[in-house]
file protein.txt (compact mmCIF, N, CA and C atoms)
# COMPACT_ATOMS: atom_id res chain seq x y z
N GLN A 1 0.82 -1.18 0.00
CA GLN A 1 0.00 0.00 0.00
C GLN A 1 0.87 1.25 0.00
N LEU A 2 1.99 1.21 0.67
CA LEU A 2 2.87 2.38 0.68
C LEU A 2 3.31 2.73 -0.73
N GLN A 3 3.54 1.74 -1.56
CA GLN A 3 3.92 1.99 -2.95
C GLN A 3 2.84 2.83 -3.65
N LEU A 4 1.58 2.47 -3.46
CA LEU A 4 0.48 3.23 -4.04
C LEU A 4 0.49 4.67 -3.53
N TYR A 5 0.69 4.84 -2.24
CA TYR A 5 0.68 6.18 -1.67
C TYR A 5 1.83 7.03 -2.20
N LEU A 6 3.00 6.43 -2.33
CA LEU A 6 4.19 7.19 -2.75
C LEU A 6 4.20 7.49 -4.24
N GLU A 7 3.70 6.57 -5.05
CA GLU A 7 3.79 6.72 -6.51
C GLU A 7 2.44 6.93 -7.18
N GLY A 8 1.36 6.81 -6.43
CA GLY A 8 0.03 6.92 -7.03
C GLY A 8 -0.47 8.35 -7.08
N ASN A 9 -1.79 8.48 -7.25
CA ASN A 9 -2.41 9.80 -7.30
C ASN A 9 -2.13 10.57 -6.02
N ARG A 10 -1.89 11.85 -6.17
CA ARG A 10 -1.59 12.70 -5.02
C ARG A 10 -2.90 13.32 -4.51
N ASP A 11 -3.80 12.46 -4.08
CA ASP A 11 -5.12 12.91 -3.65
C ASP A 11 -5.44 12.46 -2.22
N LYS A 12 -4.41 12.23 -1.43
CA LYS A 12 -4.60 11.73 -0.07
C LYS A 12 -3.76 12.55 0.91
N PHE A 13 -4.19 12.54 2.16
CA PHE A 13 -3.31 13.00 3.23
C PHE A 13 -3.27 11.89 4.27
N PHE A 14 -2.26 11.93 5.11
CA PHE A 14 -1.94 10.79 5.95
C PHE A 14 -1.94 11.17 7.42
N ASN A 15 -2.62 10.36 8.22
CA ASN A 15 -2.68 10.53 9.66
C ASN A 15 -1.84 9.45 10.32
N PHE A 16 -1.02 9.86 11.27
CA PHE A 16 -0.27 8.91 12.09
C PHE A 16 -0.74 9.09 13.52
N ILE A 17 -1.16 8.01 14.13
CA ILE A 17 -1.58 8.03 15.52
C ILE A 17 -0.53 7.25 16.29
N ILE A 18 0.20 7.95 17.13
CA ILE A 18 1.35 7.37 17.81
C ILE A 18 1.12 7.40 19.32
N SER A 19 1.21 6.25 19.93
CA SER A 19 1.06 6.15 21.38
C SER A 19 2.41 6.40 22.05
N LYS A 20 2.39 7.28 23.05
CA LYS A 20 3.62 7.55 23.81
C LYS A 20 3.78 6.58 24.97
N ASN A 21 2.72 5.84 25.27
CA ASN A 21 2.72 4.93 26.41
C ASN A 21 2.75 3.49 25.89
N HIS A 22 3.70 2.74 26.35
CA HIS A 22 3.86 1.36 25.88
C HIS A 22 3.73 0.40 27.07
N LYS A 23 2.53 0.32 27.62
CA LYS A 23 2.29 -0.51 28.81
C LYS A 23 2.60 -1.98 28.57
N ASN A 24 2.23 -2.48 27.43
CA ASN A 24 2.36 -3.92 27.15
C ASN A 24 3.53 -4.21 26.23
N ASP A 25 4.58 -3.41 26.32
CA ASP A 25 5.74 -3.58 25.45
C ASP A 25 6.48 -4.88 25.81
N PHE A 26 7.15 -5.43 24.84
CA PHE A 26 7.94 -6.64 25.10
C PHE A 26 9.10 -6.71 24.12
N LYS A 27 10.10 -7.46 24.52
CA LYS A 27 11.26 -7.68 23.64
C LYS A 27 10.97 -8.86 22.73
N ILE A 28 11.42 -8.70 21.51
CA ILE A 28 11.24 -9.78 20.53
C ILE A 28 12.34 -10.80 20.75
N LYS A 29 11.93 -12.04 20.79
CA LYS A 29 12.91 -13.11 20.97
C LYS A 29 13.34 -13.60 19.60
N ASP A 30 13.55 -14.86 19.46
CA ASP A 30 14.02 -15.42 18.19
C ASP A 30 12.90 -15.49 17.16
N LEU A 31 13.14 -14.88 16.02
CA LEU A 31 12.27 -15.03 14.86
C LEU A 31 13.10 -15.67 13.77
N ALA A 32 12.60 -16.69 13.19
CA ALA A 32 13.38 -17.42 12.17
C ALA A 32 13.91 -16.46 11.11
N GLY A 33 15.22 -16.39 11.00
CA GLY A 33 15.86 -15.56 9.98
C GLY A 33 16.01 -14.10 10.35
N CYS A 34 15.46 -13.67 11.48
CA CYS A 34 15.50 -12.25 11.84
C CYS A 34 16.21 -12.00 13.16
N GLU A 35 16.89 -12.99 13.70
CA GLU A 35 17.48 -12.86 15.02
C GLU A 35 18.41 -11.65 15.12
N THR A 36 19.24 -11.44 14.10
CA THR A 36 20.22 -10.37 14.19
C THR A 36 19.58 -8.99 14.03
N LEU A 37 18.47 -8.91 13.31
CA LEU A 37 17.83 -7.62 13.10
C LEU A 37 16.90 -7.24 14.26
N PHE A 38 16.05 -8.17 14.68
CA PHE A 38 15.03 -7.85 15.68
C PHE A 38 15.30 -8.44 17.06
N GLY A 39 16.12 -9.44 17.15
CA GLY A 39 16.34 -10.13 18.41
C GLY A 39 16.76 -9.19 19.53
N GLY A 40 16.04 -9.24 20.64
CA GLY A 40 16.34 -8.43 21.80
C GLY A 40 15.82 -7.00 21.73
N LYS A 41 15.22 -6.63 20.62
CA LYS A 41 14.69 -5.26 20.47
C LYS A 41 13.25 -5.22 20.99
N LYS A 42 12.88 -4.07 21.56
CA LYS A 42 11.50 -3.90 22.00
C LYS A 42 10.61 -3.62 20.80
N LEU A 43 9.41 -4.17 20.85
CA LEU A 43 8.46 -3.95 19.77
C LEU A 43 8.18 -2.46 19.60
N SER A 44 8.09 -1.72 20.69
CA SER A 44 7.82 -0.28 20.60
C SER A 44 8.91 0.44 19.82
N LYS A 45 10.15 0.03 19.97
CA LYS A 45 11.26 0.66 19.24
C LYS A 45 11.15 0.36 17.74
N ILE A 46 10.82 -0.87 17.41
CA ILE A 46 10.67 -1.25 16.00
C ILE A 46 9.53 -0.45 15.37
N LEU A 47 8.40 -0.35 16.06
CA LEU A 47 7.27 0.42 15.55
C LEU A 47 7.62 1.90 15.42
N GLU A 48 8.39 2.42 16.38
CA GLU A 48 8.83 3.82 16.31
C GLU A 48 9.66 4.06 15.06
N VAL A 49 10.59 3.18 14.77
CA VAL A 49 11.42 3.30 13.57
C VAL A 49 10.54 3.21 12.32
N GLU A 50 9.57 2.31 12.33
CA GLU A 50 8.67 2.16 11.19
C GLU A 50 7.90 3.45 10.92
N HIS A 51 7.31 4.04 11.97
CA HIS A 51 6.54 5.26 11.69
C HIS A 51 7.45 6.43 11.37
N GLN A 52 8.62 6.53 12.01
CA GLN A 52 9.55 7.62 11.68
C GLN A 52 10.00 7.56 10.23
N THR A 53 10.36 6.38 9.76
CA THR A 53 10.85 6.27 8.39
C THR A 53 9.72 6.46 7.37
N THR A 54 8.52 6.01 7.71
CA THR A 54 7.39 6.24 6.80
C THR A 54 7.08 7.72 6.70
N ILE A 55 7.08 8.42 7.83
CA ILE A 55 6.85 9.86 7.84
C ILE A 55 7.94 10.57 7.04
N GLU A 56 9.18 10.17 7.21
CA GLU A 56 10.29 10.78 6.48
C GLU A 56 10.13 10.62 4.97
N VAL A 57 9.77 9.42 4.53
CA VAL A 57 9.61 9.18 3.09
C VAL A 57 8.43 9.99 2.55
N LEU A 58 7.32 10.05 3.28
CA LEU A 58 6.19 10.86 2.85
C LEU A 58 6.57 12.33 2.77
N ASN A 59 7.36 12.80 3.74
CA ASN A 59 7.86 14.18 3.70
C ASN A 59 8.74 14.43 2.49
N GLN A 60 9.62 13.49 2.19
CA GLN A 60 10.49 13.63 1.02
C GLN A 60 9.69 13.75 -0.26
N LYS A 61 8.56 13.06 -0.31
CA LYS A 61 7.68 13.12 -1.49
C LYS A 61 6.73 14.31 -1.42
N LYS A 62 6.87 15.12 -0.36
CA LYS A 62 6.04 16.31 -0.15
C LYS A 62 4.54 15.97 -0.10
N LEU A 63 4.25 14.87 0.56
CA LEU A 63 2.86 14.47 0.77
C LEU A 63 2.40 14.97 2.13
N PRO A 64 1.15 15.39 2.24
CA PRO A 64 0.67 15.97 3.50
C PRO A 64 0.47 14.92 4.58
N ILE A 65 0.99 15.22 5.76
CA ILE A 65 0.84 14.30 6.89
C ILE A 65 0.38 15.07 8.12
N ARG A 66 -0.19 14.33 9.04
CA ARG A 66 -0.59 14.88 10.33
C ARG A 66 -0.28 13.81 11.37
N ILE A 67 0.26 14.24 12.48
CA ILE A 67 0.67 13.30 13.52
C ILE A 67 -0.11 13.59 14.80
N PHE A 68 -0.76 12.56 15.32
CA PHE A 68 -1.42 12.64 16.62
C PHE A 68 -0.57 11.83 17.58
N GLU A 69 -0.08 12.46 18.62
CA GLU A 69 0.62 11.74 19.68
C GLU A 69 -0.32 11.64 20.87
N ILE A 70 -0.64 10.42 21.24
CA ILE A 70 -1.59 10.23 22.33
C ILE A 70 -0.87 9.61 23.53
N ASP A 71 -1.32 10.01 24.72
CA ASP A 71 -0.69 9.52 25.94
C ASP A 71 -1.09 8.08 26.25
N ASP A 72 -2.31 7.74 25.90
CA ASP A 72 -2.79 6.41 26.26
C ASP A 72 -3.77 5.94 25.19
N VAL A 73 -3.81 4.65 24.98
CA VAL A 73 -4.77 4.07 24.05
C VAL A 73 -5.91 3.51 24.88
N ASN A 74 -7.02 4.22 24.87
CA ASN A 74 -8.21 3.76 25.57
C ASN A 74 -9.44 4.22 24.80
N GLU A 75 -10.60 3.75 25.24
CA GLU A 75 -11.82 4.03 24.49
C GLU A 75 -12.14 5.52 24.41
N LYS A 76 -11.82 6.29 25.44
CA LYS A 76 -12.12 7.73 25.43
C LYS A 76 -11.26 8.44 24.38
N VAL A 77 -9.99 8.14 24.35
CA VAL A 77 -9.07 8.78 23.39
C VAL A 77 -9.43 8.38 21.96
N ILE A 78 -9.65 7.09 21.74
CA ILE A 78 -9.98 6.61 20.39
C ILE A 78 -11.31 7.20 19.93
N ALA A 79 -12.31 7.24 20.81
CA ALA A 79 -13.61 7.82 20.45
C ALA A 79 -13.45 9.30 20.11
N GLY A 80 -12.62 10.01 20.86
CA GLY A 80 -12.39 11.43 20.57
C GLY A 80 -11.75 11.64 19.20
N LEU A 81 -10.76 10.82 18.88
CA LEU A 81 -10.12 10.91 17.56
C LEU A 81 -11.12 10.58 16.45
N MET A 82 -11.92 9.54 16.66
CA MET A 82 -12.91 9.17 15.65
C MET A 82 -13.92 10.30 15.44
N MET A 83 -14.39 10.90 16.52
CA MET A 83 -15.36 11.99 16.41
C MET A 83 -14.75 13.16 15.65
N GLN A 84 -13.51 13.50 15.96
CA GLN A 84 -12.84 14.60 15.26
C GLN A 84 -12.77 14.30 13.76
N MET A 85 -12.41 13.09 13.40
CA MET A 85 -12.29 12.74 11.98
C MET A 85 -13.65 12.68 11.29
N PHE A 86 -14.69 12.23 12.00
CA PHE A 86 -16.04 12.26 11.43
C PHE A 86 -16.43 13.70 11.10
N LEU A 87 -16.21 14.60 12.07
CA LEU A 87 -16.57 16.01 11.86
C LEU A 87 -15.76 16.63 10.73
N GLU A 88 -14.47 16.33 10.68
CA GLU A 88 -13.63 16.84 9.58
C GLU A 88 -14.15 16.38 8.23
N THR A 89 -14.54 15.12 8.15
CA THR A 89 -15.06 14.57 6.89
C THR A 89 -16.32 15.31 6.47
N ILE A 90 -17.21 15.54 7.40
CA ILE A 90 -18.45 16.26 7.11
C ILE A 90 -18.15 17.68 6.64
N ILE A 91 -17.27 18.38 7.34
CA ILE A 91 -16.94 19.76 6.98
C ILE A 91 -16.28 19.84 5.61
N ILE A 92 -15.32 18.96 5.34
CA ILE A 92 -14.65 18.96 4.04
C ILE A 92 -15.65 18.63 2.93
N ALA A 93 -16.53 17.67 3.18
CA ALA A 93 -17.53 17.31 2.17
C ALA A 93 -18.42 18.50 1.85
N TYR A 94 -18.91 19.18 2.86
CA TYR A 94 -19.76 20.36 2.60
C TYR A 94 -18.98 21.45 1.87
N ALA A 95 -17.73 21.65 2.23
CA ALA A 95 -16.90 22.67 1.55
C ALA A 95 -16.73 22.33 0.07
N LYS A 96 -16.72 21.05 -0.25
CA LYS A 96 -16.56 20.61 -1.65
C LYS A 96 -17.91 20.33 -2.32
N LYS A 97 -18.99 20.72 -1.61
CA LYS A 97 -20.34 20.52 -2.12
C LYS A 97 -20.66 19.05 -2.42
N ILE A 98 -20.25 18.20 -1.48
CA ILE A 98 -20.51 16.76 -1.55
C ILE A 98 -21.39 16.40 -0.36
N ASN A 99 -22.39 15.56 -0.59
CA ASN A 99 -23.23 15.11 0.51
C ASN A 99 -22.48 14.00 1.26
N PRO A 100 -22.06 14.27 2.50
CA PRO A 100 -21.28 13.26 3.23
C PRO A 100 -22.11 12.07 3.71
N PHE A 101 -23.43 12.18 3.58
CA PHE A 101 -24.30 11.11 4.08
C PHE A 101 -24.92 10.30 2.94
N ASP A 102 -24.49 10.56 1.73
CA ASP A 102 -25.02 9.88 0.56
C ASP A 102 -23.94 8.97 -0.01
N GLN A 103 -24.27 7.72 -0.24
CA GLN A 103 -23.30 6.78 -0.81
C GLN A 103 -23.96 6.01 -1.94
N PRO A 104 -24.11 6.65 -3.10
CA PRO A 104 -24.83 5.99 -4.19
C PRO A 104 -24.20 4.67 -4.64
N ALA A 105 -22.90 4.56 -4.64
CA ALA A 105 -22.26 3.31 -5.05
C ALA A 105 -22.57 2.20 -4.04
N VAL A 106 -22.61 2.54 -2.77
CA VAL A 106 -22.95 1.56 -1.74
C VAL A 106 -24.42 1.16 -1.86
N GLU A 107 -25.28 2.12 -2.17
CA GLU A 107 -26.70 1.82 -2.35
C GLU A 107 -26.89 0.83 -3.50
N LEU A 108 -26.13 0.97 -4.55
CA LEU A 108 -26.20 0.05 -5.68
C LEU A 108 -25.94 -1.38 -5.22
N ARG A 109 -24.90 -1.56 -4.40
CA ARG A 109 -24.56 -2.88 -3.87
C ARG A 109 -25.66 -3.41 -2.95
N LYS A 110 -26.19 -2.53 -2.09
CA LYS A 110 -27.25 -2.96 -1.17
C LYS A 110 -28.51 -3.38 -1.93
N ASN A 111 -28.87 -2.62 -2.95
CA ASN A 111 -30.06 -2.96 -3.74
C ASN A 111 -29.88 -4.29 -4.46
N LEU A 112 -28.71 -4.53 -4.99
CA LEU A 112 -28.43 -5.80 -5.65
C LEU A 112 -28.53 -6.96 -4.65
N ALA A 113 -27.98 -6.77 -3.46
CA ALA A 113 -28.06 -7.80 -2.42
C ALA A 113 -29.51 -8.08 -2.04
N LYS A 114 -30.33 -7.03 -1.92
CA LYS A 114 -31.76 -7.22 -1.59
C LYS A 114 -32.47 -8.03 -2.67
N GLU A 115 -32.17 -7.73 -3.93
CA GLU A 115 -32.79 -8.48 -5.03
C GLU A 115 -32.43 -9.96 -4.96
N ILE A 116 -31.18 -10.25 -4.73
CA ILE A 116 -30.73 -11.65 -4.67
C ILE A 116 -31.37 -12.36 -3.48
N ILE A 117 -31.44 -11.69 -2.34
CA ILE A 117 -32.03 -12.30 -1.14
C ILE A 117 -33.52 -12.58 -1.37
N LYS A 118 -34.24 -11.66 -2.02
CA LYS A 118 -35.66 -11.87 -2.29
C LYS A 118 -35.89 -13.08 -3.19
N LYS A 119 -34.99 -13.31 -4.12
CA LYS A 119 -35.14 -14.43 -5.06
C LYS A 119 -34.86 -15.78 -4.40
N ASN A 120 -34.07 -15.79 -3.35
CA ASN A 120 -33.68 -17.06 -2.72
C ASN A 120 -34.54 -17.38 -1.54

call {"tool": "encode", "arguments": {"input": "protein.txt", "output": "structure tokens"}}
result
Amino acid sequence: QLQLYLEGNRDKFFNFIISKNHKNDFKIKDLAGCETLFGGKKLSKILEVEHQTTIEVLNQKKLPIRIFEIDDVNEKVIAGLMMQMFLETIIIAYAKKINPFDQPAVELRKNLAKEIIKKN
């Protein structure tokens, strides 16, 4: 998917949600063929390197990114982020004169499913 983002249409922006708290962190033990690369490293460190390098490559390609650093991963924080993104989607849709609550392509699929179910 990263290949598509880096070389595909430039019609996306990217959100990174990064937890600063690693309560359930653990060290990686032996992985077949990866002992020298990952052995003894904390999973949080590997994930940190992954998001840092992905952000760096997106920046090099001048693609828009946004980073959310959260203190804890819990239902309140996740619900707050989801609500913010729902509202952003609605606002952007209205600004672009798009109905954010209309999904004609999805309706097409639902109607087809209803027809098939009625026949069976």

call {"tool": "select_by_dssp", "arguments": {"input": "protein.txt", "residues": "range 59-89 of chain A", "states": "alpha helix (DSSP H)", "output": "list of chain:residue names"}}
result
A:Asn59, A:Gln60, A:Glu75, A:Lys76, A:Val77, A:Ile78, A:Ala79, A:Gly80, A:Leu81, A:Met82, A:Met83, A:Gln84, A:Met85, A:Phe86, A:Leu87, A:Glu88, A:Thr89

call {"tool": "residues_around", "arguments": {"input": "protein.txt", "residues": "Tyr5 in chain A", "least_positions_apart": "5", "cutoff": "8 Å", "atoms": "only N, CA and C atoms", "output": "CSV table (one decimal) with N, CA and C atoms, keeping the file's coordinate frame"}}
result
chain,number,residue,atom,x,y,z
A,10,ARG,N,-1.9,11.8,-6.2
A,10,ARG,CA,-1.6,12.7,-5.0
A,10,ARG,C,-2.9,13.3,-4.5
A,12,LYS,N,-4.4,12.2,-1.4
A,12,LYS,CA,-4.6,11.7,-0.1
A,12,LYS,C,-3.8,12.6,0.9
A,58,LEU,N,7.3,10.0,3.3
A,58,LEU,CA,6.2,10.9,2.8
A,58,LEU,C,6.6,12.3,2.8

call {"tool": "atom_distance", "arguments": {"input": "protein.txt", "atom1": "CA of Asp71 in chain A", "atom2": "atom N of Asn21 in chain A"}}
result
5.1 Å

call {"tool": "select_by_dssp", "arguments": {"input": "protein.txt", "residues": "range 57-88 of chain A", "states": "strand (DSSP E or B)", "output": "PyMOL selection string"}}
result
chain A and resi 65-70

call {"tool": "atom_distance", "arguments": {"input": "protein.txt", "atom1": "atom N of Lys118 in chain A", "atom2": "CA of Gln103 in chain A"}}
result
21.5 Å

call {"tool": "closest_residue", "arguments": {"input": "protein.txt", "among": "A:Asn9, A:Lys61, A:His22, A:Lys114", "to": "Val73 in chain A", "atoms": "all atoms listed in the file"}}
result
A:His22

call {"tool": "closest_residue", "arguments": {"input": "protein.txt", "among": "A:Ile67, A:Ile28, A:Phe38, A:Lys119", "to": "Phe16 in chain A", "atoms": "all atoms listed in the file"}}
result
A:Ile67

call {"tool": "atom_distance", "arguments": {"input": "protein.txt", "atom1": "CA of Met85 in chain A", "atom2": "CA of Lys97 in chain A"}}
result
18.0 Å

call {"tool": "decode", "arguments": {"input": "protein.txt", "residues": "range 28-60 of chain A", "atoms": "N, CA and C atoms", "output": "short mmCIF file (atom, residue, chain, number, x, y, z; two decimals), in the first residue's frame"}}
result
data_model
loop_
_atom_site.label_atom_id
_atom_site.label_comp_id
_atom_site.auth_asym_id
_atom_site.auth_seq_id
_atom_site.Cartn_x
_atom_site.Cartn_y
_atom_site.Cartn_z
N ILE A 28 11.42 -8.70 21.51
CA ILE A 28 11.24 -9.78 20.53
C ILE A 28 12.34 -10.80 20.75
N LYS A 29 11.93 -12.04 20.79
CA LYS A 29 12.91 -13.11 20.97
C LYS A 29 13.34 -13.60 19.60
N ASP A 30 13.55 -14.86 19.46
CA ASP A 30 14.02 -15.42 18.19
C ASP A 30 12.90 -15.49 17.16
N LEU A 31 13.14 -14.88 16.02
CA LEU A 31 12.27 -15.03 14.86
C LEU A 31 13.10 -15.67 13.77
N ALA A 32 12.60 -16.69 13.19
CA ALA A 32 13.38 -17.42 12.17
C ALA A 32 13.91 -16.46 11.11
N GLY A 33 15.22 -16.39 11.00
CA GLY A 33 15.86 -15.56 9.98
C GLY A 33 16.01 -14.10 10.35
N CYS A 34 15.46 -13.67 11.48
CA CYS A 34 15.50 -12.25 11.84
C CYS A 34 16.21 -12.00 13.16
N GLU A 35 16.89 -12.99 13.70
CA GLU A 35 17.48 -12.86 15.02
C GLU A 35 18.41 -11.65 15.12
N THR A 36 19.24 -11.44 14.10
CA THR A 36 20.22 -10.37 14.19
C THR A 36 19.58 -8.99 14.03
N LEU A 37 18.47 -8.91 13.31
CA LEU A 37 17.83 -7.62 13.10
C LEU A 37 16.90 -7.24 14.26
N PHE A 38 16.05 -8.17 14.68
CA PHE A 38 15.03 -7.85 15.68
C PHE A 38 15.30 -8.44 17.06
N GLY A 39 16.12 -9.44 17.15
CA GLY A 39 16.34 -10.13 18.41
C GLY A 39 16.76 -9.19 19.53
N GLY A 40 16.04 -9.24 20.64
CA GLY A 40 16.34 -8.43 21.80
C GLY A 40 15.82 -7.00 21.73
N LYS A 41 15.22 -6.63 20.62
CA LYS A 41 14.69 -5.26 20.47
C LYS A 41 13.25 -5.22 20.99
N LYS A 42 12.88 -4.07 21.56
CA LYS A 42 11.50 -3.90 22.00
C LYS A 42 10.61 -3.62 20.80
N LEU A 43 9.41 -4.17 20.85
CA LEU A 43 8.46 -3.95 19.77
C LEU A 43 8.18 -2.46 19.60
N SER A 44 8.09 -1.72 20.69
CA SER A 44 7.82 -0.28 20.60
C SER A 44 8.91 0.44 19.82
N LYS A 45 10.15 0.03 19.97
CA LYS A 45 11.26 0.66 19.24
C LYS A 45 11.15 0.36 17.74
N ILE A 46 10.82 -0.87 17.41
CA ILE A 46 10.67 -1.25 16.00
C ILE A 46 9.53 -0.45 15.37
N LEU A 47 8.40 -0.35 16.06
CA LEU A 47 7.27 0.42 15.55
C LEU A 47 7.62 1.90 15.42
N GLU A 48 8.39 2.42 16.38
CA GLU A 48 8.83 3.82 16.31
C GLU A 48 9.66 4.06 15.06
N VAL A 49 10.59 3.18 14.77
CA VAL A 49 11.42 3.30 13.57
C VAL A 49 10.54 3.21 12.32
N GLU A 50 9.57 2.31 12.33
CA GLU A 50 8.67 2.16 11.19
C GLU A 50 7.90 3.45 10.92
N HIS A 51 7.31 4.04 11.97
CA HIS A 51 6.54 5.26 11.69
C HIS A 51 7.45 6.43 11.37
N GLN A 52 8.62 6.53 12.01
CA GLN A 52 9.55 7.62 11.68
C GLN A 52 10.00 7.56 10.23
N THR A 53 10.36 6.38 9.76
CA THR A 53 10.85 6.27 8.39
C THR A 53 9.72 6.46 7.37
N THR A 54 8.52 6.01 7.71
CA THR A 54 7.39 6.24 6.80
C THR A 54 7.08 7.72 6.70
N ILE A 55 7.08 8.42 7.83
CA ILE A 55 6.85 9.86 7.84
C ILE A 55 7.94 10.57 7.04
N GLU A 56 9.18 10.17 7.21
CA GLU A 56 10.29 10.78 6.48
C GLU A 56 10.13 10.62 4.97
N VAL A 57 9.77 9.42 4.53
CA VAL A 57 9.61 9.18 3.09
C VAL A 57 8.43 9.99 2.55
N LEU A 58 7.32 10.05 3.28
CA LEU A 58 6.19 10.86 2.85
C LEU A 58 6.57 12.33 2.77
N ASN A 59 7.36 12.80 3.74
CA ASN A 59 7.86 14.18 3.70
C ASN A 59 8.74 14.43 2.49
N GLN A 60 9.62 13.49 2.19
CA GLN A 60 10.49 13.63 1.02
C GLN A 60 9.69 13.75 -0.26
#
